[in-house]
Every structure is written in structure tokens, then in C-alpha cells.
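Visitor: Input file: protein-v1.txt. Contents: compact mmCIF, N, CA and C atoms.
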```txt
# COMPACT_ATOMS: atom_id res chain seq x y z
N MET A 6 63.68 64.12 -47.04
CA MET A 6 62.33 64.59 -46.78
C MET A 6 62.15 66.02 -47.26
N ALA A 7 63.14 66.87 -47.06
CA ALA A 7 63.02 68.26 -47.47
C ALA A 7 62.98 68.39 -48.98
N GLU A 8 63.62 67.48 -49.69
CA GLU A 8 63.66 67.57 -51.14
C GLU A 8 62.27 67.38 -51.74
N GLU A 9 61.41 66.60 -51.09
CA GLU A 9 60.08 66.35 -51.62
C GLU A 9 59.21 67.60 -51.57
N THR A 10 59.44 68.49 -50.61
CA THR A 10 58.62 69.68 -50.50
C THR A 10 59.13 70.82 -51.37
N ASN A 11 60.36 70.76 -51.82
CA ASN A 11 60.92 71.81 -52.65
C ASN A 11 60.35 71.76 -54.06
N ILE A 12 60.36 72.90 -54.72
CA ILE A 12 59.91 73.00 -56.09
C ILE A 12 61.14 72.89 -56.98
N ILE A 13 61.12 71.96 -57.91
CA ILE A 13 62.25 71.76 -58.81
C ILE A 13 61.96 72.51 -60.10
N LEU A 14 62.86 73.42 -60.44
CA LEU A 14 62.69 74.22 -61.65
C LEU A 14 63.16 73.45 -62.87
N ASP A 15 62.48 73.67 -63.99
CA ASP A 15 62.91 73.08 -65.24
C ASP A 15 64.20 73.77 -65.67
N THR A 16 65.21 72.99 -65.96
CA THR A 16 66.49 73.56 -66.36
C THR A 16 66.76 73.27 -67.82
N GLN A 17 67.69 74.02 -68.35
CA GLN A 17 68.07 73.81 -69.74
C GLN A 17 68.99 72.59 -69.83
N GLU A 18 69.23 72.13 -71.04
CA GLU A 18 70.02 70.92 -71.25
C GLU A 18 71.46 71.06 -70.76
N ASN A 19 72.03 72.25 -70.86
CA ASN A 19 73.43 72.43 -70.49
C ASN A 19 73.61 72.81 -69.01
N ALA A 20 72.59 72.65 -68.18
CA ALA A 20 72.70 72.98 -66.77
C ALA A 20 73.61 71.98 -66.06
N LEU A 21 74.30 72.45 -65.05
CA LEU A 21 75.24 71.61 -64.31
C LEU A 21 74.56 70.76 -63.25
N GLY A 22 73.33 71.05 -62.93
CA GLY A 22 72.60 70.30 -61.92
C GLY A 22 71.16 70.79 -61.87
N LYS A 23 70.42 70.32 -60.88
CA LYS A 23 69.03 70.76 -60.79
C LYS A 23 68.91 71.94 -59.83
N ILE A 24 67.89 72.72 -60.03
CA ILE A 24 67.63 73.90 -59.20
C ILE A 24 66.36 73.65 -58.41
N GLN A 25 66.47 73.74 -57.08
CA GLN A 25 65.33 73.55 -56.20
C GLN A 25 65.06 74.84 -55.43
N MET A 26 63.79 75.04 -55.15
CA MET A 26 63.41 76.24 -54.42
C MET A 26 62.39 75.85 -53.34
N ALA A 27 62.57 76.40 -52.16
CA ALA A 27 61.61 76.15 -51.09
C ALA A 27 60.31 76.90 -51.40
N PRO A 28 59.17 76.31 -51.07
CA PRO A 28 57.89 76.99 -51.32
C PRO A 28 57.79 78.35 -50.61
N GLU A 29 58.48 78.50 -49.49
CA GLU A 29 58.45 79.76 -48.76
C GLU A 29 59.03 80.90 -49.60
N VAL A 30 60.01 80.59 -50.45
CA VAL A 30 60.60 81.61 -51.33
C VAL A 30 59.56 82.12 -52.31
N VAL A 31 58.79 81.21 -52.88
CA VAL A 31 57.73 81.60 -53.81
C VAL A 31 56.67 82.41 -53.08
N GLU A 32 56.34 82.02 -51.85
CA GLU A 32 55.36 82.78 -51.07
C GLU A 32 55.83 84.20 -50.81
N VAL A 33 57.11 84.38 -50.53
CA VAL A 33 57.65 85.72 -50.30
C VAL A 33 57.57 86.55 -51.58
N ILE A 34 57.94 85.96 -52.71
CA ILE A 34 57.87 86.67 -53.99
C ILE A 34 56.44 87.12 -54.26
N LEU A 35 55.49 86.22 -54.09
CA LEU A 35 54.09 86.54 -54.34
C LEU A 35 53.55 87.54 -53.33
N GLY A 36 53.96 87.42 -52.07
CA GLY A 36 53.49 88.34 -51.04
C GLY A 36 53.95 89.77 -51.28
N ILE A 37 55.20 89.93 -51.68
CA ILE A 37 55.73 91.27 -51.97
C ILE A 37 55.03 91.85 -53.19
N ALA A 38 54.88 91.04 -54.23
CA ALA A 38 54.22 91.52 -55.46
C ALA A 38 52.77 91.91 -55.19
N ALA A 39 52.07 91.13 -54.37
CA ALA A 39 50.66 91.42 -54.08
C ALA A 39 50.51 92.69 -53.25
N SER A 40 51.40 92.91 -52.30
CA SER A 40 51.27 94.10 -51.44
C SER A 40 51.58 95.39 -52.19
N LYS A 41 52.22 95.30 -53.35
CA LYS A 41 52.54 96.50 -54.14
C LYS A 41 51.44 96.90 -55.11
N ILE A 42 50.38 96.13 -55.19
CA ILE A 42 49.27 96.44 -56.09
C ILE A 42 48.47 97.62 -55.52
N ASP A 43 48.14 98.59 -56.38
CA ASP A 43 47.30 99.71 -55.95
C ASP A 43 45.94 99.20 -55.51
N GLY A 44 45.51 99.62 -54.34
CA GLY A 44 44.23 99.19 -53.81
C GLY A 44 44.36 98.16 -52.71
N VAL A 45 45.53 97.52 -52.60
CA VAL A 45 45.75 96.54 -51.54
C VAL A 45 46.26 97.28 -50.31
N HIS A 46 45.52 97.15 -49.21
CA HIS A 46 45.92 97.81 -47.97
C HIS A 46 47.03 97.02 -47.28
N GLN A 47 46.78 95.73 -47.09
CA GLN A 47 47.76 94.84 -46.48
C GLN A 47 47.35 93.40 -46.72
N MET A 48 48.29 92.51 -46.46
CA MET A 48 48.02 91.09 -46.61
C MET A 48 47.58 90.54 -45.26
N ARG A 49 46.77 89.49 -45.30
CA ARG A 49 46.31 88.88 -44.06
C ARG A 49 47.45 88.11 -43.43
N GLY A 50 47.62 88.27 -42.16
CA GLY A 50 48.66 87.54 -41.45
C GLY A 50 48.07 86.75 -40.30
N THR A 51 48.94 86.10 -39.58
CA THR A 51 48.53 85.35 -38.40
C THR A 51 48.89 86.15 -37.15
N LEU A 52 48.51 85.66 -36.02
CA LEU A 52 48.84 86.33 -34.76
C LEU A 52 50.35 86.41 -34.58
N SER A 53 51.04 85.34 -34.92
CA SER A 53 52.50 85.35 -34.75
C SER A 53 53.17 86.33 -35.69
N SER A 54 52.67 86.47 -36.92
CA SER A 54 53.28 87.43 -37.84
C SER A 54 53.00 88.86 -37.39
N SER A 55 51.85 89.10 -36.77
CA SER A 55 51.54 90.43 -36.24
C SER A 55 52.44 90.78 -35.07
N ILE A 56 52.70 89.81 -34.21
CA ILE A 56 53.59 90.04 -33.07
C ILE A 56 55.01 90.27 -33.56
N ASN A 57 55.45 89.50 -34.55
CA ASN A 57 56.79 89.69 -35.12
C ASN A 57 56.95 91.07 -35.74
N GLU A 58 55.89 91.59 -36.36
CA GLU A 58 55.96 92.93 -36.96
C GLU A 58 56.11 94.00 -35.88
N LEU A 59 55.55 93.75 -34.70
CA LEU A 59 55.72 94.71 -33.60
C LEU A 59 57.18 94.81 -33.19
N PHE A 60 57.92 93.72 -33.35
CA PHE A 60 59.34 93.70 -33.00
C PHE A 60 60.23 94.05 -34.19
N GLY A 61 59.63 94.47 -35.30
CA GLY A 61 60.41 94.92 -36.44
C GLY A 61 60.74 93.85 -37.45
N ARG A 62 60.26 92.65 -37.27
CA ARG A 62 60.51 91.58 -38.24
C ARG A 62 59.29 91.44 -39.13
N SER A 63 59.47 91.65 -40.42
CA SER A 63 58.32 91.54 -41.31
C SER A 63 58.32 90.19 -42.02
N ASN A 64 57.15 89.66 -42.19
CA ASN A 64 56.97 88.39 -42.89
C ASN A 64 56.38 88.70 -44.26
N HIS A 65 57.21 88.74 -45.28
CA HIS A 65 56.75 89.13 -46.60
C HIS A 65 55.88 88.06 -47.26
N GLY A 66 55.91 86.85 -46.75
CA GLY A 66 55.11 85.78 -47.33
C GLY A 66 53.74 85.64 -46.72
N LYS A 67 53.39 86.55 -45.81
CA LYS A 67 52.09 86.40 -45.14
C LYS A 67 50.96 86.67 -46.11
N GLY A 68 49.88 85.95 -45.94
CA GLY A 68 48.73 86.11 -46.80
C GLY A 68 48.78 85.28 -48.06
N VAL A 69 49.81 84.46 -48.22
CA VAL A 69 49.95 83.64 -49.43
C VAL A 69 50.09 82.18 -49.02
N THR A 70 49.29 81.34 -49.64
CA THR A 70 49.38 79.90 -49.43
C THR A 70 49.64 79.26 -50.79
N LEU A 71 50.61 78.40 -50.84
CA LEU A 71 51.03 77.78 -52.10
C LEU A 71 50.67 76.30 -52.10
N LYS A 72 50.22 75.81 -53.25
CA LYS A 72 49.93 74.39 -53.42
C LYS A 72 50.63 73.91 -54.68
N VAL A 73 51.27 72.76 -54.59
CA VAL A 73 51.89 72.13 -55.75
C VAL A 73 51.26 70.76 -55.91
N VAL A 74 50.51 70.59 -57.00
CA VAL A 74 49.85 69.32 -57.28
C VAL A 74 50.20 68.91 -58.71
N ASP A 75 50.79 67.73 -58.85
CA ASP A 75 51.18 67.20 -60.15
C ASP A 75 52.06 68.17 -60.93
N GLY A 76 52.96 68.83 -60.24
CA GLY A 76 53.88 69.76 -60.88
C GLY A 76 53.29 71.11 -61.23
N LYS A 77 52.00 71.33 -60.92
CA LYS A 77 51.36 72.62 -61.19
C LYS A 77 51.27 73.42 -59.90
N VAL A 78 51.67 74.68 -59.99
CA VAL A 78 51.70 75.55 -58.82
C VAL A 78 50.48 76.45 -58.83
N SER A 79 49.77 76.46 -57.70
CA SER A 79 48.64 77.38 -57.55
C SER A 79 48.80 78.13 -56.24
N ALA A 80 48.28 79.34 -56.21
CA ALA A 80 48.44 80.20 -55.04
C ALA A 80 47.09 80.72 -54.59
N ASP A 81 46.91 80.78 -53.28
CA ASP A 81 45.77 81.44 -52.66
C ASP A 81 46.31 82.68 -51.96
N VAL A 82 45.74 83.83 -52.30
CA VAL A 82 46.23 85.11 -51.78
C VAL A 82 45.10 85.74 -50.97
N TYR A 83 45.39 86.10 -49.72
CA TYR A 83 44.41 86.68 -48.81
C TYR A 83 44.81 88.12 -48.52
N ALA A 84 43.93 89.09 -48.89
CA ALA A 84 44.31 90.49 -48.78
C ALA A 84 43.16 91.34 -48.25
N TYR A 85 43.54 92.44 -47.59
CA TYR A 85 42.62 93.50 -47.21
C TYR A 85 42.77 94.60 -48.25
N LEU A 86 41.64 95.09 -48.76
CA LEU A 86 41.68 96.13 -49.77
C LEU A 86 41.27 97.47 -49.16
N ASN A 87 41.67 98.55 -49.84
CA ASN A 87 41.27 99.89 -49.42
C ASN A 87 39.80 100.10 -49.79
N TYR A 88 39.11 100.87 -48.95
CA TYR A 88 37.72 101.19 -49.22
C TYR A 88 37.62 102.06 -50.47
N GLY A 89 36.67 101.77 -51.34
CA GLY A 89 36.43 102.60 -52.51
C GLY A 89 37.04 102.08 -53.78
N VAL A 90 37.87 101.05 -53.72
CA VAL A 90 38.47 100.53 -54.93
C VAL A 90 37.54 99.51 -55.57
N SER A 91 37.72 99.27 -56.85
CA SER A 91 36.95 98.25 -57.55
C SER A 91 37.56 96.89 -57.24
N VAL A 92 36.83 96.07 -56.52
CA VAL A 92 37.36 94.77 -56.10
C VAL A 92 37.73 93.90 -57.29
N PRO A 93 36.88 93.77 -58.32
CA PRO A 93 37.29 92.93 -59.46
C PRO A 93 38.55 93.45 -60.16
N LYS A 94 38.67 94.77 -60.32
CA LYS A 94 39.84 95.32 -60.99
C LYS A 94 41.11 95.06 -60.20
N VAL A 95 41.05 95.24 -58.89
CA VAL A 95 42.23 95.00 -58.05
C VAL A 95 42.58 93.52 -58.05
N ALA A 96 41.58 92.66 -57.97
CA ALA A 96 41.83 91.22 -57.97
C ALA A 96 42.45 90.76 -59.30
N LEU A 97 41.93 91.27 -60.42
CA LEU A 97 42.51 90.91 -61.71
C LEU A 97 43.94 91.44 -61.85
N ALA A 98 44.16 92.66 -61.39
CA ALA A 98 45.52 93.22 -61.44
C ALA A 98 46.47 92.39 -60.59
N MET A 99 45.97 91.92 -59.45
CA MET A 99 46.79 91.09 -58.57
C MET A 99 47.12 89.76 -59.24
N GLN A 100 46.13 89.14 -59.86
CA GLN A 100 46.37 87.86 -60.54
C GLN A 100 47.41 88.01 -61.65
N GLU A 101 47.26 89.03 -62.46
CA GLU A 101 48.20 89.24 -63.57
C GLU A 101 49.60 89.56 -63.07
N ALA A 102 49.70 90.43 -62.06
CA ALA A 102 51.01 90.84 -61.55
C ALA A 102 51.74 89.67 -60.89
N LEU A 103 51.01 88.86 -60.13
CA LEU A 103 51.64 87.73 -59.45
C LEU A 103 52.14 86.70 -60.46
N LYS A 104 51.33 86.40 -61.44
CA LYS A 104 51.73 85.43 -62.46
C LYS A 104 52.95 85.93 -63.22
N GLU A 105 52.94 87.20 -63.60
CA GLU A 105 54.05 87.79 -64.34
C GLU A 105 55.33 87.85 -63.51
N GLN A 106 55.23 88.26 -62.25
CA GLN A 106 56.41 88.39 -61.39
C GLN A 106 57.05 87.03 -61.11
N LEU A 107 56.23 86.03 -60.86
CA LEU A 107 56.78 84.70 -60.59
C LEU A 107 57.43 84.12 -61.84
N LEU A 108 56.83 84.33 -62.98
CA LEU A 108 57.42 83.84 -64.23
C LEU A 108 58.75 84.54 -64.50
N PHE A 109 58.81 85.84 -64.24
CA PHE A 109 60.03 86.62 -64.47
C PHE A 109 61.16 86.17 -63.54
N MET A 110 60.83 85.92 -62.26
CA MET A 110 61.88 85.63 -61.29
C MET A 110 62.28 84.17 -61.22
N THR A 111 61.36 83.26 -61.55
CA THR A 111 61.66 81.84 -61.33
C THR A 111 61.40 80.94 -62.53
N ASP A 112 60.81 81.45 -63.58
CA ASP A 112 60.37 80.65 -64.74
C ASP A 112 59.28 79.65 -64.38
N LEU A 113 58.62 79.87 -63.25
CA LEU A 113 57.47 79.04 -62.87
C LEU A 113 56.21 79.67 -63.42
N ASP A 114 55.32 78.83 -63.95
CA ASP A 114 54.05 79.32 -64.45
C ASP A 114 52.97 78.94 -63.44
N LEU A 115 52.27 79.94 -62.93
CA LEU A 115 51.20 79.67 -61.98
C LEU A 115 49.99 79.12 -62.73
N ALA A 116 49.48 78.00 -62.27
CA ALA A 116 48.29 77.41 -62.88
C ALA A 116 47.07 78.25 -62.53
N GLU A 117 47.00 78.73 -61.29
CA GLU A 117 45.89 79.60 -60.88
C GLU A 117 46.30 80.46 -59.71
N VAL A 118 45.68 81.63 -59.65
CA VAL A 118 45.87 82.55 -58.53
C VAL A 118 44.48 82.86 -57.99
N ASN A 119 44.17 82.35 -56.82
CA ASN A 119 42.87 82.59 -56.20
C ASN A 119 43.01 83.75 -55.23
N VAL A 120 42.28 84.83 -55.49
CA VAL A 120 42.34 86.02 -54.64
C VAL A 120 41.16 85.99 -53.68
N HIS A 121 41.46 86.06 -52.39
CA HIS A 121 40.44 86.08 -51.34
C HIS A 121 40.49 87.46 -50.68
N VAL A 122 39.43 88.24 -50.85
CA VAL A 122 39.35 89.54 -50.20
C VAL A 122 38.80 89.30 -48.80
N VAL A 123 39.66 89.51 -47.82
CA VAL A 123 39.31 89.21 -46.43
C VAL A 123 38.53 90.36 -45.81
N GLY A 124 38.80 91.58 -46.23
CA GLY A 124 38.11 92.72 -45.66
C GLY A 124 38.43 93.99 -46.43
N VAL A 125 37.73 95.04 -46.05
CA VAL A 125 37.93 96.35 -46.64
C VAL A 125 38.29 97.30 -45.50
N ILE A 126 39.36 98.07 -45.68
CA ILE A 126 39.84 98.98 -44.65
C ILE A 126 39.50 100.41 -45.06
N THR A 127 38.82 101.12 -44.16
CA THR A 127 38.49 102.51 -44.42
C THR A 127 39.64 103.40 -43.98
N GLU A 128 39.69 104.57 -44.59
CA GLU A 128 40.73 105.53 -44.24
C GLU A 128 40.35 106.20 -42.93
N LYS A 129 41.28 106.23 -42.00
CA LYS A 129 41.02 106.87 -40.71
C LYS A 129 41.29 108.36 -40.83
N THR A 130 40.32 109.15 -40.38
CA THR A 130 40.52 110.60 -40.39
C THR A 130 40.95 111.03 -38.99
N PRO A 131 41.98 111.85 -38.92
CA PRO A 131 42.43 112.29 -37.59
C PRO A 131 41.43 113.25 -36.97
N LYS A 132 41.21 113.08 -35.68
CA LYS A 132 40.30 113.97 -34.96
C LYS A 132 41.06 115.23 -34.57
N ILE A 133 40.47 116.35 -34.89
CA ILE A 133 41.10 117.63 -34.57
C ILE A 133 40.55 118.10 -33.23
N ILE A 134 41.44 118.36 -32.30
CA ILE A 134 41.06 118.80 -30.96
C ILE A 134 41.34 120.29 -30.85
N ASP A 135 40.30 121.00 -30.49
CA ASP A 135 40.44 122.44 -30.29
C ASP A 135 40.85 122.67 -28.84
N PRO A 136 42.06 123.20 -28.59
CA PRO A 136 42.50 123.37 -27.21
C PRO A 136 41.68 124.41 -26.44
N ASP A 137 40.98 125.28 -27.15
CA ASP A 137 40.14 126.27 -26.47
C ASP A 137 38.80 125.70 -26.06
N ASP A 138 38.40 124.58 -26.64
CA ASP A 138 37.10 123.98 -26.34
C ASP A 138 37.27 122.48 -26.13
N LEU A 139 38.00 122.11 -25.06
CA LEU A 139 38.30 120.70 -24.81
C LEU A 139 37.08 119.86 -24.47
N PHE A 140 36.09 120.46 -23.80
CA PHE A 140 34.94 119.69 -23.35
C PHE A 140 33.73 119.90 -24.22
N ASN A 141 33.92 120.52 -25.39
CA ASN A 141 32.85 120.73 -26.36
C ASN A 141 31.68 121.49 -25.76
N GLU A 142 31.98 122.48 -24.94
CA GLU A 142 30.93 123.27 -24.31
C GLU A 142 30.46 124.33 -25.29
N ALA A 143 29.18 124.43 -25.46
CA ALA A 143 28.63 125.45 -26.33
C ALA A 143 28.60 126.77 -25.58
N THR A 144 28.98 127.83 -26.23
CA THR A 144 28.98 129.15 -25.60
C THR A 144 27.86 129.99 -26.19
N PRO A 145 27.18 130.77 -25.38
CA PRO A 145 26.09 131.60 -25.91
C PRO A 145 26.64 132.77 -26.72
N ASP A 146 25.93 133.13 -27.79
CA ASP A 146 26.33 134.29 -28.57
C ASP A 146 25.68 135.55 -27.99
N GLN A 147 25.68 136.64 -28.72
CA GLN A 147 25.15 137.91 -28.21
C GLN A 147 23.66 137.86 -27.93
N ASN A 148 22.92 137.05 -28.64
CA ASN A 148 21.46 136.95 -28.46
C ASN A 148 21.10 135.92 -27.39
N GLY A 149 22.08 135.26 -26.79
CA GLY A 149 21.80 134.28 -25.74
C GLY A 149 21.57 132.88 -26.27
N GLU A 150 21.73 132.69 -27.58
CA GLU A 150 21.53 131.35 -28.17
C GLU A 150 22.84 130.58 -28.12
N GLN A 151 22.73 129.26 -28.00
CA GLN A 151 23.91 128.40 -27.96
C GLN A 151 24.54 128.31 -29.34
N VAL A 152 25.86 128.43 -29.38
CA VAL A 152 26.56 128.38 -30.66
C VAL A 152 27.20 127.02 -30.82
```
Spell out the structure here as C-alpha cells.
Guide:
Amino acid sequence: MAEETNIILDTQENALGKIQMAPEVVEVILGIAASKIDGVHQMRGTLSSSINELFGRSNHGKGVTLKVVDGKVSADVYAYLNYGVSVPKVALAMQEALKEQLLFMTDLDLAEVNVHVVGVITEKTPKIIDPDDLFNEATPDQNGEQV
């Protein structure tokens, strides 16, 4: 049963046997490659992957869904992007990088890479607290006006 879900790589004529790869391995490769693209904030995960990250276990395959139909591999990638980036440029860069990385590491050719932008994350600015004015009280100046 497990052999049916594995991806069988095309081997050369002088190979000693066949090479099989679990789809999860391809998802991890694609997940790592996608998270390294400039403009990608993070990949979409599930509740369980978020809880696992709290305990220090990272799921590098999160945000990637793989489909194998008639020997053709296609990937759906779900990502959060940084605010201010060009969505089409980041998506195209992601498609090219994922296809290239998978071909380099496994000799698999992706038939398609569907990029789903799940959200845009803004940069959080730290709030500066003035210890001399904790309650934001306005103090009068020399003319009696509130400063």
C-alpha cells in the first residue's frame, strides 16, 4: 500500500534498482525553498504545526500540498507575504525557484506550481514607552498651555 503513494524516480539504464520517494520529502524540499524567497513572510500551517513549533519542532513541509496524477507532479503552495512586496513578482520567483530546486535535488519536473497568497503580514513597530510619562499626561508649559 505504501508503494502506491511513493513517487518513483526515473532511473538510468545501469541503475541497480528503482528509487522511490515519499511525497512528504518533496513537500519538505518545496516548503524550505518557498520560505527562502524574498517577500515570503511564512508558510501557512495547521493548528498542529503551530503547536509543534511552540515546542521547538518545525514542520518544513507546511504550506505545501502535492498531487501526483498520471505521473505528473503538481504543487499547491500557501504562503503569507510581507506587506509592500509585488505579489506577482514574488509568486513568479517562487514558481521558478521551486521548479528549479526540485529538479536539482530529485530530477522531478513539476508540471505546475500553484501559488496561493493566504495573507499579507505588516511589519510590527515596537511601542516606545517613556518612563517619565507612563500615563501620557500632558504637562502645561510656561504659558499654561498643554504640551
Visitor: I want to know what sits within 12 Å of Met110 in chain A, based on only C-alpha atoms, with residues of the same chain fewer than 2 positions away left out; could you give that as a PDB file with N, CA and C atoms, in the frame of the given file?
Guide:
```pdb
ATOM      1  N   LEU A  14      62.860  73.420 -60.440  1.00  0.00           N
ATOM      2  CA  LEU A  14      62.690  74.220 -61.650  1.00  0.00           C
ATOM      3  C   LEU A  14      63.160  73.450 -62.870  1.00  0.00           C
ATOM      4  N   MET A  26      63.790  75.040 -55.150  1.00  0.00           N
ATOM      5  CA  MET A  26      63.410  76.240 -54.420  1.00  0.00           C
ATOM      6  C   MET A  26      62.390  75.850 -53.340  1.00  0.00           C
ATOM      7  N   VAL A  30      60.010  80.590 -50.450  1.00  0.00           N
ATOM      8  CA  VAL A  30      60.600  81.610 -51.330  1.00  0.00           C
ATOM      9  C   VAL A  30      59.560  82.120 -52.310  1.00  0.00           C
ATOM     10  N   VAL A  31      58.790  81.210 -52.880  1.00  0.00           N
ATOM     11  CA  VAL A  31      57.730  81.600 -53.810  1.00  0.00           C
ATOM     12  C   VAL A  31      56.670  82.410 -53.080  1.00  0.00           C
ATOM     13  N   VAL A  33      57.110  84.380 -50.530  1.00  0.00           N
ATOM     14  CA  VAL A  33      57.650  85.720 -50.300  1.00  0.00           C
ATOM     15  C   VAL A  33      57.570  86.550 -51.580  1.00  0.00           C
ATOM     16  N   ILE A  34      57.940  85.960 -52.710  1.00  0.00           N
ATOM     17  CA  ILE A  34      57.870  86.670 -53.990  1.00  0.00           C
ATOM     18  C   ILE A  34      56.440  87.120 -54.260  1.00  0.00           C
ATOM     19  N   LEU A  35      55.490  86.220 -54.090  1.00  0.00           N
ATOM     20  CA  LEU A  35      54.090  86.540 -54.340  1.00  0.00           C
ATOM     21  C   LEU A  35      53.550  87.540 -53.330  1.00  0.00           C
ATOM     22  N   ALA A  38      54.880  91.040 -54.230  1.00  0.00           N
ATOM     23  CA  ALA A  38      54.220  91.520 -55.460  1.00  0.00           C
ATOM     24  C   ALA A  38      52.770  91.910 -55.190  1.00  0.00           C
ATOM     25  N   LEU A 103      51.010  88.860 -60.130  1.00  0.00           N
ATOM     26  CA  LEU A 103      51.640  87.730 -59.450  1.00  0.00           C
ATOM     27  C   LEU A 103      52.140  86.700 -60.460  1.00  0.00           C
ATOM     28  N   LYS A 104      51.330  86.400 -61.440  1.00  0.00           N
ATOM     29  CA  LYS A 104      51.730  85.430 -62.460  1.00  0.00           C
ATOM     30  C   LYS A 104      52.950  85.930 -63.220  1.00  0.00           C
ATOM     31  N   GLU A 105      52.940  87.200 -63.600  1.00  0.00           N
ATOM     32  CA  GLU A 105      54.050  87.790 -64.340  1.00  0.00           C
ATOM     33  C   GLU A 105      55.330  87.850 -63.510  1.00  0.00           C
ATOM     34  N   GLN A 106      55.230  88.260 -62.250  1.00  0.00           N
ATOM     35  CA  GLN A 106      56.410  88.390 -61.390  1.00  0.00           C
ATOM     36  C   GLN A 106      57.050  87.030 -61.110  1.00  0.00           C
ATOM     37  N   LEU A 107      56.230  86.030 -60.860  1.00  0.00           N
ATOM     38  CA  LEU A 107      56.780  84.700 -60.590  1.00  0.00           C
ATOM     39  C   LEU A 107      57.430  84.120 -61.840  1.00  0.00           C
ATOM     40  N   LEU A 108      56.830  84.330 -62.980  1.00  0.00           N
ATOM     41  CA  LEU A 108      57.420  83.840 -64.230  1.00  0.00           C
ATOM     42  C   LEU A 108      58.750  84.540 -64.500  1.00  0.00           C
ATOM     43  N   ASP A 112      60.810  81.450 -63.580  1.00  0.00           N
ATOM     44  CA  ASP A 112      60.370  80.650 -64.740  1.00  0.00           C
ATOM     45  C   ASP A 112      59.280  79.650 -64.380  1.00  0.00           C
ATOM     46  N   LEU A 113      58.620  79.870 -63.250  1.00  0.00           N
ATOM     47  CA  LEU A 113      57.470  79.040 -62.870  1.00  0.00           C
ATOM     48  C   LEU A 113      56.210  79.670 -63.420  1.00  0.00           C
ATOM     49  N   ASP A 114      55.320  78.830 -63.950  1.00  0.00           N
ATOM     50  CA  ASP A 114      54.050  79.320 -64.450  1.00  0.00           C
ATOM     51  C   ASP A 114      52.970  78.940 -63.440  1.00  0.00           C
TER      52      ASP A 114
END
```
Visitor: Which one of A:Val82, A:Ile24, A:Met48, A:Ile133 sits closest to Asn119 in chain A if you count only N, CA and C atoms?
Guide: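 Closest residue, counting only N, CA and C atoms: A:Val82.
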Visitor: Name the residues of range 80-120 of chain A that come out as alpha helix (DSSP H) in a backbone DSSP run; write them as a PyMOL selection string.
Guide: chain A and resi 92-111
Visitor: Would you mind listing what lies within 7 Å of Thr127 in chain A as a PyMOL selection string, with only N, CA and C atoms counted and same-chain residues fewer than 2 positions away left out?
Guide: chain A and resi 86-88+125+129-130
Visitor: So how far away is CA of Lys72 in chain A from CA of Val123 in chain A, in Å?
Guide: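 Computing the Euclidean distance for CA of Val123 in chain A and CA of Lys72 in chain A yields 19.5 Å.
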Visitor: Have a look at atom C of Ile42 in chain A and atom N of Lys132 in chain A and let me know their distance in Å, one decimal.
Guide: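 So the two atoms, atom C of Ile42 in chain A and atom N of Lys132 in chain A, lie 26.2 Å apart.
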